[in-house]
Amino acid sequence: MAYAIITGASKGLGAATAKQLLSEGVNIISVSRSENEELKKQAEVDNGKYQHYTCNLGSSSEVQSVFKEMADTVFGKEKEVVYLINNAGMVDPIETAGRLDAEGTEANVNVNLLAPMIISNLFLEKVENSDARLVIANVSSGAGSRPIQGWSVYCSTKAGINMFTQTVALELENRSSKHRVFAFSPGIMDTDMQSTIRSSSKSAFNDIETFKKYKEEGMLRDAETVAGALVKVLKSNDIENGKIYQINALL
Ligand SMILES: NC(=O)c1ccc[n+]([C@@H]2O[C@H](COP(=O)([O-])OP(=O)(O)OC[C@H]3O[C@@H](n4cnc5c(N)ncnc54)[C@H](OP(=O)(O)O)[C@@H]3O)[C@@H](O)[C@H]2O)c1
């Protein structure tokens with residue numbers, strides 16, 4: 001039976017992905033600062049295996065200790081496939097450069113980029129002592145390939161995760177590895193992240209009205225639909241190493 005480690009499974013895309021994989025019989029390990037009670041209940045009803053680790057991904061020391069313990073357990077048990085879904089993310093700070101808060105900037109870099117790098121590195125190390133196949137999905141954004149005013153930190157961390165994905169993929173290909181890594185760009189979804197965007201200010205983010213319209217005109221996809229597309233890629237037998245999968249091409 002497979003394992004899926006999902007960061008940011010307390011809400012939004014992470015929660016929808018966890019629910020779907022749980023219903024398909026995958027062992028779920030959720031990692032975030034708060035726990036999703038619905039997911040916990042679903043696991044009880046489905047007799048599914050579910051475990052939650054409370055972890056602030058903004059702290060690299062916490063990330064290292066939590067994921068070391070978890071990797072030892074998972075790779076000690078799992079012989080087939082381990083899915084690592086680096087999904088947790090934050091859009092803040094939304095502000096133009098020159099007005100960015102240093103602490104917020106550090107947290108964003110740690111959650112969106114440093115934590116996925118540390119966790120992927122650790123899992124790629126630990127999987128070597130196991131028979132399991134590792135599939136890493138890094139949740140990215142269209143913001144990783146185009147500049148958006150007020151989003152310099154978010155755009156940079158998402159561009160960084162794309163390049164990390166492509167570089168690790170190159171290394172895996174060069175050693176004919178069975179492991180896979182890909183990025184997934186989910187498009188605009190109706191989650192708390194979009195509420196944060198809509199509650200920013202026009203002076204910090206000049207395109208705020210467009211994002212308010214996305215919500216008003218029902219243009220935000222629900223997280224369940226997007227999770228379905230992500231799960232389809234995760235489970236496919238021909239994942240293209242290093243590819244940035246785009247939601248529009250998958251639906
Ligand atoms: N929503 C969109 O329109 C959109 C568009 C493009 C890309 N994305 C990407 O899709 C992914 C999921 O976004 P979403 O919209 O589902 O966001 P969301 O609803 O705001 O959920 C974010 C998740 O990340 C976790 N998280 C945030 N900071 C954390 C921290 N310091 N430590 C541990 N966990 C943390 C949160 O858990 P806790 O608060 O419980 O810790 C939560 O589970 C993100 O990578 C995002 O960048 C979203």
# chains A, B, ... in the order shown; residues from 1 in each chain; ligands from 1
>>> residues_near_ligand(ligand="ligand 1", cutoff="7 Å", atoms="only C-alpha atoms and all ligand atoms", output="PyMOL selection string")
chain A and resi 7-14+31-35+55-58+87-91+107+111-112+139-142+185-194
>>> residues_around(residues="A:Asn237", least_positions_apart="2", cutoff="12 Å", atoms="only C-alpha atoms", output="JSON, numbers by chain")
{"A": [81, 133, 135, 178, 179, 180, 232, 233, 234, 235, 239, 240, 241]}
>>> closest_residue(among="A:Val168, A:Ala97, A:Ala16, A:Leu113", to="A:Gln149", atoms="only C-alpha atoms")
A:Ala97
>>> closest_residue(among="A:Ile28, A:Ile118, A:Ile148, A:Val74", to="A:Glu62", atoms="only C-alpha atoms")
A:Ile118
>>> residues_around(residues="A:Glu78", least_positions_apart="4", cutoff="12 Å", atoms="only C-alpha atoms", output="number ranges by chain")
A: 1-4, 26-27, 70-74, 82-83, 126-127, 129-134
>>> select_by_dssp(residues="stretch 88-233 of chain A", states="strand (DSSP E)", output="list of chain:residue names")
A:Arg133, A:Leu134, A:Val135, A:Ile136, A:Ala137, A:Asn138, A:Val139, A:Arg180, A:Val181, A:Phe182, A:Ala183, A:Phe184, A:Ser185
>>> write_last_selection(atoms="N, CA, C and O atoms", output="PDB file, in the first residue's frame")
ATOM      1  N   ARG A 133       9.678   3.224  -4.636  1.00  0.00           N
ATOM      2  CA  ARG A 133       9.866   4.228  -5.684  1.00  0.00           C
ATOM      3  C   ARG A 133       9.337   5.541  -5.110  1.00  0.00           C
ATOM      4  O   ARG A 133       8.282   5.562  -4.462  1.00  0.00           O
ATOM      5  N   LEU A 134      10.083   6.621  -5.313  1.00  0.00           N
ATOM      6  CA  LEU A 134       9.674   7.922  -4.782  1.00  0.00           C
ATOM      7  C   LEU A 134       9.161   8.812  -5.913  1.00  0.00           C
ATOM      8  O   LEU A 134       9.813   8.933  -6.960  1.00  0.00           O
ATOM      9  N   VAL A 135       7.992   9.406  -5.694  1.00  0.00           N
ATOM     10  CA  VAL A 135       7.441  10.365  -6.663  1.00  0.00           C
ATOM     11  C   VAL A 135       7.241  11.688  -5.917  1.00  0.00           C
ATOM     12  O   VAL A 135       6.484  11.744  -4.952  1.00  0.00           O
ATOM     13  N   ILE A 136       7.955  12.715  -6.352  1.00  0.00           N
ATOM     14  CA  ILE A 136       7.846  14.023  -5.692  1.00  0.00           C
ATOM     15  C   ILE A 136       7.054  14.982  -6.587  1.00  0.00           C
ATOM     16  O   ILE A 136       7.383  15.162  -7.762  1.00  0.00           O
ATOM     17  N   ALA A 137       6.010  15.583  -6.002  1.00  0.00           N
ATOM     18  CA  ALA A 137       5.236  16.605  -6.710  1.00  0.00           C
ATOM     19  C   ALA A 137       5.444  17.937  -5.988  1.00  0.00           C
ATOM     20  O   ALA A 137       5.176  18.037  -4.786  1.00  0.00           O
ATOM     21  N   ASN A 138       5.939  18.925  -6.693  1.00  0.00           N
ATOM     22  CA  ASN A 138       6.112  20.255  -6.111  1.00  0.00           C
ATOM     23  C   ASN A 138       5.032  21.176  -6.665  1.00  0.00           C
ATOM     24  O   ASN A 138       4.958  21.382  -7.888  1.00  0.00           O
ATOM     25  N   VAL A 139       4.187  21.694  -5.779  1.00  0.00           N
ATOM     26  CA  VAL A 139       3.102  22.552  -6.261  1.00  0.00           C
ATOM     27  C   VAL A 139       3.663  23.953  -6.531  1.00  0.00           C
ATOM     28  O   VAL A 139       4.226  24.609  -5.649  1.00  0.00           O
ATOM     29  N   ARG A 180      10.880   9.873  -9.541  1.00  0.00           N
ATOM     30  CA  ARG A 180      10.357  10.941 -10.399  1.00  0.00           C
ATOM     31  C   ARG A 180      10.116  12.211  -9.593  1.00  0.00           C
ATOM     32  O   ARG A 180       9.739  12.145  -8.419  1.00  0.00           O
ATOM     33  N   VAL A 181      10.318  13.350 -10.247  1.00  0.00           N
ATOM     34  CA  VAL A 181       9.969  14.634  -9.639  1.00  0.00           C
ATOM     35  C   VAL A 181       9.325  15.506 -10.716  1.00  0.00           C
ATOM     36  O   VAL A 181       9.803  15.555 -11.851  1.00  0.00           O
ATOM     37  N   PHE A 182       8.218  16.128 -10.365  1.00  0.00           N
ATOM     38  CA  PHE A 182       7.577  17.042 -11.310  1.00  0.00           C
ATOM     39  C   PHE A 182       6.980  18.226 -10.550  1.00  0.00           C
ATOM     40  O   PHE A 182       6.829  18.172  -9.319  1.00  0.00           O
ATOM     41  N   ALA A 183       6.681  19.289 -11.291  1.00  0.00           N
ATOM     42  CA  ALA A 183       5.984  20.432 -10.675  1.00  0.00           C
ATOM     43  C   ALA A 183       4.563  20.466 -11.228  1.00  0.00           C
ATOM     44  O   ALA A 183       4.294  19.915 -12.300  1.00  0.00           O
ATOM     45  N   PHE A 184       3.689  21.098 -10.463  1.00  0.00           N
ATOM     46  CA  PHE A 184       2.269  21.128 -10.844  1.00  0.00           C
ATOM     47  C   PHE A 184       1.754  22.539 -10.628  1.00  0.00           C
ATOM     48  O   PHE A 184       1.812  23.063  -9.511  1.00  0.00           O
ATOM     49  N   SER A 185       1.284  23.150 -11.696  1.00  0.00           N
ATOM     50  CA  SER A 185       0.760  24.518 -11.605  1.00  0.00           C
ATOM     51  C   SER A 185      -0.772  24.442 -11.585  1.00  0.00           C
ATOM     52  O   SER A 185      -1.387  24.090 -12.597  1.00  0.00           O
TER      53      SER A 185
END
>>> atom_distance(atom1="atom CA of A:Ser30", atom2="atom CA of A:Ile6")
5.1 Å
>>> atom_distance(atom1="atom CA of A:Lys49", atom2="atom CA of A:Leu21")
10.8 Å
>>> atom_distance(atom1="atom CA of A:Asp101", atom2="atom CA of A:Gln64")
25.4 Å
>>> residues_around(residues="A:Asn47", least_positions_apart="4", cutoff="10 Å", atoms="only C-alpha atoms", output="ChimeraX atom specification")
/A:22-23,25,41-43
>>> write_last_selection(atoms="N, CA and C atoms", output="mmCIF file, in the first residue's frame")
data_model
loop_
_atom_site.group_PDB
_atom_site.id
_atom_site.type_symbol
_atom_site.label_atom_id
_atom_site.label_comp_id
_atom_site.auth_asym_id
_atom_site.auth_seq_id
_atom_site.Cartn_x
_atom_site.Cartn_y
_atom_site.Cartn_z
ATOM 1 N N LEU A 22 -6.853 9.261 0.276
ATOM 2 C CA LEU A 22 -7.310 8.438 1.400
ATOM 3 C C LEU A 22 -8.441 7.521 0.944
ATOM 4 N N SER A 23 -9.379 8.089 0.153
ATOM 5 C CA SER A 23 -10.519 7.273 -0.317
ATOM 6 C C SER A 23 -10.051 6.188 -1.286
ATOM 7 N N GLY A 25 -7.377 4.458 -0.682
ATOM 8 C CA GLY A 25 -6.651 3.472 0.111
ATOM 9 C C GLY A 25 -5.176 3.783 0.359
ATOM 10 N N LYS A 41 -11.760 12.577 10.523
ATOM 11 C CA LYS A 41 -13.021 11.821 10.615
ATOM 12 C C LYS A 41 -13.179 10.881 9.432
ATOM 13 N N GLN A 42 -12.837 11.381 8.228
ATOM 14 C CA GLN A 42 -12.948 10.535 7.029
ATOM 15 C C GLN A 42 -12.088 9.274 7.200
ATOM 16 N N ALA A 43 -10.919 9.443 7.777
ATOM 17 C CA ALA A 43 -10.015 8.299 7.973
ATOM 18 C C ALA A 43 -10.652 7.282 8.913
#
>>> select_by_dssp(residues="stretch 68-232 of chain A", states="alpha helix (DSSP H)", output="PyMOL selection string")
chain A and resi 68-77+102-109+115-126+152-174+192-198+208-216+223-232
